[in-house]
Amino acid sequence: MTPRLSRRLVLAWALCCGSWAHAGSYEDFFAAVAKDDASVVVSLLRRGFDPNTRDPNGQPGLYLAVRAPSPRVTQALIDWPKTDVETLNKTDESPLMAAALDGQLDLCKKLIARGAAVNKTGWTPLHYAATNGHIDVMRLLLEEHAFIDAESPNKTTPLMMAARYGSLETVRLLLQEGAEPLLKNEQGLTPIDFANAVNRGDVAKLIGDAVRQKQPKGKW
């Protein structure tokens, strides 16, 4: 192969990848995300690296930074105007969902201010916050008009997740804000069933009280 032909092949490969910056910086970017090295990330972005690039497992850089956690890189990516804060990973998870799962209230606020979607099809940030009982994050999401009875792909609601995994106060908050205690998922399970499956009698009672309040007298 002649040197001229070799250079043409390299150029063609670089163009297919989107830019010269991408061609030589992929590993550096994800290493910097893992190490929370914001200076390297910003340097790469200024040279034209795409902030929405995915790693070999299909994870966008911002999602990885949130989960690491790598707070300096997370902030740098949020501040970068070309970062799509709604880029989903292969399992349909957003950076806001990751922040909600970990109870990172300030980060949730920043992502929402940057345009992150509170509501989406399938699992939502409210499901994730309810699962780990992050009351402050749940309040924020509800204030931002999160759909309280959002359904996962198998029709599981945030109240069902809270009933099995969250705190009693998590369940109480959802009920007070109007969550429907009588909904069923695709397996025919209600929030009370989710609570009883793990012997959470206090949660089952709380939900049962809410059901009784919704029923006409003599119907329970």
# chains A, B, ... in the order shown; residues from 1 in each chain; ligands from 1

$ residues_around --residues "Lys184 of chain A" --least-positions-apart "5" --cutoff "12 Å" --atoms "only C-alpha atoms" --output "PDB file with N, CA and C atoms, in the first residue's frame"
ATOM      1  N   ASP A 149     -48.936   8.305  38.062  1.00  0.00           N
ATOM      2  CA  ASP A 149     -49.279   6.904  37.793  1.00  0.00           C
ATOM      3  C   ASP A 149     -48.635   6.411  36.500  1.00  0.00           C
ATOM      4  N   GLU A 151     -46.732   4.351  33.834  1.00  0.00           N
ATOM      5  CA  GLU A 151     -46.664   2.899  33.724  1.00  0.00           C
ATOM      6  C   GLU A 151     -45.375   2.466  33.038  1.00  0.00           C
ATOM      7  N   SER A 152     -44.695   1.512  33.644  1.00  0.00           N
ATOM      8  CA  SER A 152     -43.514   0.902  33.032  1.00  0.00           C
ATOM      9  C   SER A 152     -43.974   0.026  31.869  1.00  0.00           C
ATOM     10  N   ASN A 154     -44.362  -3.018  31.755  1.00  0.00           N
ATOM     11  CA  ASN A 154     -45.311  -4.041  32.227  1.00  0.00           C
ATOM     12  C   ASN A 154     -46.381  -3.442  33.143  1.00  0.00           C
ATOM     13  N   LYS A 155     -46.567  -2.089  33.002  1.00  0.00           N
ATOM     14  CA  LYS A 155     -47.614  -1.344  33.696  1.00  0.00           C
ATOM     15  C   LYS A 155     -47.395  -1.230  35.209  1.00  0.00           C
ATOM     16  N   THR A 156     -46.162  -1.357  35.647  1.00  0.00           N
ATOM     17  CA  THR A 156     -45.842  -1.104  37.058  1.00  0.00           C
ATOM     18  C   THR A 156     -45.780   0.402  37.291  1.00  0.00           C
ATOM     19  N   THR A 157     -46.403   0.872  38.372  1.00  0.00           N
ATOM     20  CA  THR A 157     -46.441   2.296  38.679  1.00  0.00           C
ATOM     21  C   THR A 157     -45.414   2.648  39.763  1.00  0.00           C
ATOM     22  N   PRO A 158     -45.112   3.938  39.921  1.00  0.00           N
ATOM     23  CA  PRO A 158     -44.215   4.339  41.014  1.00  0.00           C
ATOM     24  C   PRO A 158     -44.718   3.883  42.383  1.00  0.00           C
ATOM     25  N   LEU A 159     -46.042   3.908  42.600  1.00  0.00           N
ATOM     26  CA  LEU A 159     -46.572   3.453  43.892  1.00  0.00           C
ATOM     27  C   LEU A 159     -46.273   1.977  44.123  1.00  0.00           C
ATOM     28  N   MET A 160     -46.348   1.180  43.100  1.00  0.00           N
ATOM     29  CA  MET A 160     -46.019  -0.243  43.249  1.00  0.00           C
ATOM     30  C   MET A 160     -44.556  -0.427  43.626  1.00  0.00           C
ATOM     31  N   LEU A 189     -51.203  -7.513  39.562  1.00  0.00           N
ATOM     32  CA  LEU A 189     -50.815  -7.181  40.929  1.00  0.00           C
ATOM     33  C   LEU A 189     -51.073  -5.707  41.227  1.00  0.00           C
ATOM     34  N   THR A 190     -51.623  -5.438  42.412  1.00  0.00           N
ATOM     35  CA  THR A 190     -51.870  -4.079  42.878  1.00  0.00           C
ATOM     36  C   THR A 190     -50.724  -3.637  43.787  1.00  0.00           C
ATOM     37  N   PRO A 191     -50.689  -2.356  44.163  1.00  0.00           N
ATOM     38  CA  PRO A 191     -49.675  -1.913  45.118  1.00  0.00           C
ATOM     39  C   PRO A 191     -49.691  -2.704  46.430  1.00  0.00           C
ATOM     40  N   ILE A 192     -50.886  -3.065  46.910  1.00  0.00           N
ATOM     41  CA  ILE A 192     -50.957  -3.876  48.135  1.00  0.00           C
ATOM     42  C   ILE A 192     -50.300  -5.228  47.919  1.00  0.00           C
ATOM     43  N   ASP A 193     -50.486  -5.810  46.749  1.00  0.00           N
ATOM     44  CA  ASP A 193     -49.837  -7.093  46.443  1.00  0.00           C
ATOM     45  C   ASP A 193     -48.315  -6.948  46.471  1.00  0.00           C
ATOM     46  N   PHE A 194     -47.811  -5.831  45.959  1.00  0.00           N
ATOM     47  CA  PHE A 194     -46.372  -5.586  45.979  1.00  0.00           C
ATOM     48  C   PHE A 194     -45.864  -5.518  47.418  1.00  0.00           C
TER      49      PHE A 194
END

$ select_by_dssp --residues "segment 4-155 of chain A" --states "alpha helix (DSSP H)" --output "NGL selection string"
:A and (4-17 or 20-35 or 38-46 or 61-67 or 71-79 or 95-101 or 105-113 or 125-131 or 135-143)

$ closest_atom_pairs --of "segment 92-154 of chain A" --to "segment 44-59 of chain A" --cutoff "12 Å" --atoms "only C-alpha atoms" --output "tab-separated table"
residue	atom	partner	partner_atom	distance
A:Asp92	CA	A:Gln59	CA	10.3
A:Glu93	CA	A:Gln59	CA	9.4
A:Ser94	CA	A:Gln59	CA	9.9
A:Pro95	CA	A:Gln59	CA	10.2
A:Ala98	CA	A:Gln59	CA	11.9

$ closest_residue --among "A:His145, A:Arg200, A:Arg139, A:Arg67" --to "Ala117 of chain A" --atoms "only C-alpha atoms"
A:His145

$ atom_distance --atom1 "atom CA of Lys82 of chain A" --atom2 "atom CA of Cys108 of chain A"
18.9 Å

$ residues_around --residues "Val171 of chain A" --least-positions-apart "6" --cutoff "12 Å" --atoms "only C-alpha atoms" --output "JSON, numbers by chain"
{"A": [127, 129, 130, 131, 132, 133, 134, 135, 138, 148, 157, 158, 159, 160, 161, 162, 163, 164, 165, 177, 178, 179, 180, 181, 191, 192, 194, 195, 200, 202, 203, 204, 205, 206, 207, 208, 210]}

$ residues_around --residues "Gln75 of chain A" --least-positions-apart "5" --cutoff "10 Å" --atoms "only C-alpha atoms" --output "list in words"
Ala38, Leu62, Ala65, Val66, Ser70, Trp80, Leu107, Lys110 and Leu111 of chain A

$ write_last_selection --atoms "N, CA and C atoms" --output "PDB file, in the first residue's frame"
ATOM      1  N   ALA A  38     -12.398  16.615  34.380  1.00  0.00           N
ATOM      2  CA  ALA A  38     -13.168  17.539  33.555  1.00  0.00           C
ATOM      3  C   ALA A  38     -12.293  18.309  32.579  1.00  0.00           C
ATOM      4  N   LEU A  62     -22.548  11.276  29.578  1.00  0.00           N
ATOM      5  CA  LEU A  62     -23.220  11.947  30.683  1.00  0.00           C
ATOM      6  C   LEU A  62     -23.839  10.939  31.638  1.00  0.00           C
ATOM      7  N   ALA A  65     -21.108   9.481  33.715  1.00  0.00           N
ATOM      8  CA  ALA A  65     -20.595  10.452  34.679  1.00  0.00           C
ATOM      9  C   ALA A  65     -21.521  10.568  35.886  1.00  0.00           C
ATOM     10  N   VAL A  66     -22.833  10.544  35.634  1.00  0.00           N
ATOM     11  CA  VAL A  66     -23.796  10.625  36.729  1.00  0.00           C
ATOM     12  C   VAL A  66     -23.687   9.404  37.628  1.00  0.00           C
ATOM     13  N   SER A  70     -19.055  11.093  38.789  1.00  0.00           N
ATOM     14  CA  SER A  70     -17.967  11.992  38.403  1.00  0.00           C
ATOM     15  C   SER A  70     -18.559  13.396  38.301  1.00  0.00           C
ATOM     16  N   TRP A  80     -21.944  22.035  28.535  1.00  0.00           N
ATOM     17  CA  TRP A  80     -21.583  22.060  27.117  1.00  0.00           C
ATOM     18  C   TRP A  80     -22.844  22.121  26.269  1.00  0.00           C
ATOM     19  N   LEU A 107     -28.440  17.734  41.330  1.00  0.00           N
ATOM     20  CA  LEU A 107     -28.171  17.336  39.953  1.00  0.00           C
ATOM     21  C   LEU A 107     -29.478  17.184  39.172  1.00  0.00           C
ATOM     22  N   LYS A 110     -30.477  20.571  38.068  1.00  0.00           N
ATOM     23  CA  LYS A 110     -29.659  21.062  36.966  1.00  0.00           C
ATOM     24  C   LYS A 110     -30.070  20.408  35.643  1.00  0.00           C
ATOM     25  N   LEU A 111     -30.315  19.115  35.674  1.00  0.00           N
ATOM     26  CA  LEU A 111     -30.702  18.409  34.452  1.00  0.00           C
ATOM     27  C   LEU A 111     -32.059  18.889  33.947  1.00  0.00           C
TER      28      LEU A 111
END

$ closest_residue --among "A:Glu86, A:Arg172, A:Val40, A:Leu105" --to "Lys120 of chain A" --atoms "only C-alpha atoms"
A:Glu86

$ closest_residue --among "A:Leu141, A:Lys35, A:Asp79, A:Ser25" --to "Asn119 of chain A" --atoms "only C-alpha atoms"
A:Leu141

$ atom_distance --atom1 "atom CA of Pro71 of chain A" --atom2 "atom CA of Ala31 of chain A"
14.5 Å

$ decode --residues "segment 71-157 of chain A" --atoms "C-alpha atoms" --output "PDB file, in the first residue's frame"
ATOM      1  CA  PRO A  71     -19.441  15.354  39.449  1.00  0.00           C
ATOM      2  CA  ARG A  72     -16.918  17.613  37.689  1.00  0.00           C
ATOM      3  CA  VAL A  73     -17.334  15.824  34.362  1.00  0.00           C
ATOM      4  CA  THR A  74     -21.095  15.749  34.860  1.00  0.00           C
ATOM      5  CA  GLN A  75     -21.150  19.520  35.288  1.00  0.00           C
ATOM      6  CA  ALA A  76     -18.870  20.047  32.312  1.00  0.00           C
ATOM      7  CA  LEU A  77     -21.125  17.972  30.079  1.00  0.00           C
ATOM      8  CA  ILE A  78     -24.277  19.704  31.320  1.00  0.00           C
ATOM      9  CA  ASP A  79     -22.659  23.075  30.620  1.00  0.00           C
ATOM     10  CA  TRP A  80     -21.583  22.060  27.117  1.00  0.00           C
ATOM     11  CA  PRO A  81     -24.266  23.322  24.706  1.00  0.00           C
ATOM     12  CA  LYS A  82     -24.046  20.342  22.343  1.00  0.00           C
ATOM     13  CA  THR A  83     -24.683  17.764  25.060  1.00  0.00           C
ATOM     14  CA  ASP A  84     -28.058  16.077  24.675  1.00  0.00           C
ATOM     15  CA  VAL A  85     -29.140  15.531  28.280  1.00  0.00           C
ATOM     16  CA  GLU A  86     -31.882  13.209  27.033  1.00  0.00           C
ATOM     17  CA  THR A  87     -29.631  10.691  25.290  1.00  0.00           C
ATOM     18  CA  LEU A  88     -30.847   7.277  26.504  1.00  0.00           C
ATOM     19  CA  ASN A  89     -28.746   4.182  27.024  1.00  0.00           C
ATOM     20  CA  LYS A  90     -29.567   0.740  25.635  1.00  0.00           C
ATOM     21  CA  THR A  91     -31.980   0.039  28.487  1.00  0.00           C
ATOM     22  CA  ASP A  92     -33.892   3.292  27.885  1.00  0.00           C
ATOM     23  CA  GLU A  93     -32.441   5.074  30.921  1.00  0.00           C
ATOM     24  CA  SER A  94     -31.716   8.795  30.972  1.00  0.00           C
ATOM     25  CA  PRO A  95     -29.180  10.749  33.061  1.00  0.00           C
ATOM     26  CA  LEU A  96     -32.114  12.174  35.059  1.00  0.00           C
ATOM     27  CA  MET A  97     -33.254   8.653  35.888  1.00  0.00           C
ATOM     28  CA  ALA A  98     -29.761   7.828  37.128  1.00  0.00           C
ATOM     29  CA  ALA A  99     -29.677  10.972  39.268  1.00  0.00           C
ATOM     30  CA  ALA A 100     -33.145  10.208  40.652  1.00  0.00           C
ATOM     31  CA  LEU A 101     -32.153   6.647  41.530  1.00  0.00           C
ATOM     32  CA  ASP A 102     -29.183   7.933  43.517  1.00  0.00           C
ATOM     33  CA  GLY A 103     -31.113  10.753  45.171  1.00  0.00           C
ATOM     34  CA  GLN A 104     -28.966  13.532  43.690  1.00  0.00           C
ATOM     35  CA  LEU A 105     -31.429  16.372  44.189  1.00  0.00           C
ATOM     36  CA  ASP A 106     -29.208  19.257  43.042  1.00  0.00           C
ATOM     37  CA  LEU A 107     -28.171  17.336  39.953  1.00  0.00           C
ATOM     38  CA  CYS A 108     -31.801  16.547  39.147  1.00  0.00           C
ATOM     39  CA  LYS A 109     -32.539  20.281  39.306  1.00  0.00           C
ATOM     40  CA  LYS A 110     -29.659  21.062  36.966  1.00  0.00           C
ATOM     41  CA  LEU A 111     -30.702  18.409  34.452  1.00  0.00           C
ATOM     42  CA  ILE A 112     -34.321  19.562  34.463  1.00  0.00           C
ATOM     43  CA  ALA A 113     -33.216  23.183  34.011  1.00  0.00           C
ATOM     44  CA  ARG A 114     -31.136  22.011  31.050  1.00  0.00           C
ATOM     45  CA  GLY A 115     -34.168  20.347  29.457  1.00  0.00           C
ATOM     46  CA  ALA A 116     -34.194  16.795  30.810  1.00  0.00           C
ATOM     47  CA  ALA A 117     -37.617  15.183  30.437  1.00  0.00           C
ATOM     48  CA  VAL A 118     -39.460  14.438  33.669  1.00  0.00           C
ATOM     49  CA  ASN A 119     -41.950  12.266  31.791  1.00  0.00           C
ATOM     50  CA  LYS A 120     -41.126   9.615  29.208  1.00  0.00           C
ATOM     51  CA  THR A 121     -42.541   6.373  27.860  1.00  0.00           C
ATOM     52  CA  GLY A 122     -41.708   3.352  30.004  1.00  0.00           C
ATOM     53  CA  TRP A 123     -39.742   3.584  33.234  1.00  0.00           C
ATOM     54  CA  THR A 124     -39.485   7.161  34.470  1.00  0.00           C
ATOM     55  CA  PRO A 125     -37.391   9.195  36.909  1.00  0.00           C
ATOM     56  CA  LEU A 126     -40.284   9.009  39.400  1.00  0.00           C
ATOM     57  CA  HIS A 127     -40.190   5.186  39.318  1.00  0.00           C
ATOM     58  CA  TYR A 128     -36.483   5.321  40.110  1.00  0.00           C
ATOM     59  CA  ALA A 129     -36.766   7.891  42.899  1.00  0.00           C
ATOM     60  CA  ALA A 130     -39.647   5.965  44.482  1.00  0.00           C
ATOM     61  CA  THR A 131     -37.706   2.701  44.370  1.00  0.00           C
ATOM     62  CA  ASN A 132     -34.978   4.073  46.628  1.00  0.00           C
ATOM     63  CA  GLY A 133     -37.247   6.284  48.710  1.00  0.00           C
ATOM     64  CA  HIS A 134     -35.763   9.660  47.750  1.00  0.00           C
ATOM     65  CA  ILE A 135     -38.528  11.918  49.024  1.00  0.00           C
ATOM     66  CA  ASP A 136     -36.932  15.244  48.046  1.00  0.00           C
ATOM     67  CA  VAL A 137     -36.342  14.094  44.485  1.00  0.00           C
ATOM     68  CA  MET A 138     -39.886  12.767  44.262  1.00  0.00           C
ATOM     69  CA  ARG A 139     -41.280  16.103  45.424  1.00  0.00           C
ATOM     70  CA  LEU A 140     -39.193  17.897  42.816  1.00  0.00           C
ATOM     71  CA  LEU A 141     -40.393  15.604  40.034  1.00  0.00           C
ATOM     72  CA  LEU A 142     -44.011  15.984  41.089  1.00  0.00           C
ATOM     73  CA  GLU A 143     -43.626  19.764  41.207  1.00  0.00           C
ATOM     74  CA  GLU A 144     -42.330  19.495  37.643  1.00  0.00           C
ATOM     75  CA  HIS A 145     -45.544  17.664  36.685  1.00  0.00           C
ATOM     76  CA  ALA A 146     -44.270  14.100  36.703  1.00  0.00           C
ATOM     77  CA  PHE A 147     -47.133  11.727  35.865  1.00  0.00           C
ATOM     78  CA  ILE A 148     -47.776  10.109  39.230  1.00  0.00           C
ATOM     79  CA  ASP A 149     -49.279   6.904  37.793  1.00  0.00           C
ATOM     80  CA  ALA A 150     -46.735   6.462  35.003  1.00  0.00           C
ATOM     81  CA  GLU A 151     -46.664   2.899  33.724  1.00  0.00           C
ATOM     82  CA  SER A 152     -43.514   0.902  33.032  1.00  0.00           C
ATOM     83  CA  PRO A 153     -43.477  -1.483  30.052  1.00  0.00           C
ATOM     84  CA  ASN A 154     -45.311  -4.041  32.227  1.00  0.00           C
ATOM     85  CA  LYS A 155     -47.614  -1.344  33.696  1.00  0.00           C
ATOM     86  CA  THR A 156     -45.842  -1.104  37.058  1.00  0.00           C
ATOM     87  CA  THR A 157     -46.441   2.296  38.679  1.00  0.00           C
TER      88      THR A 157
END
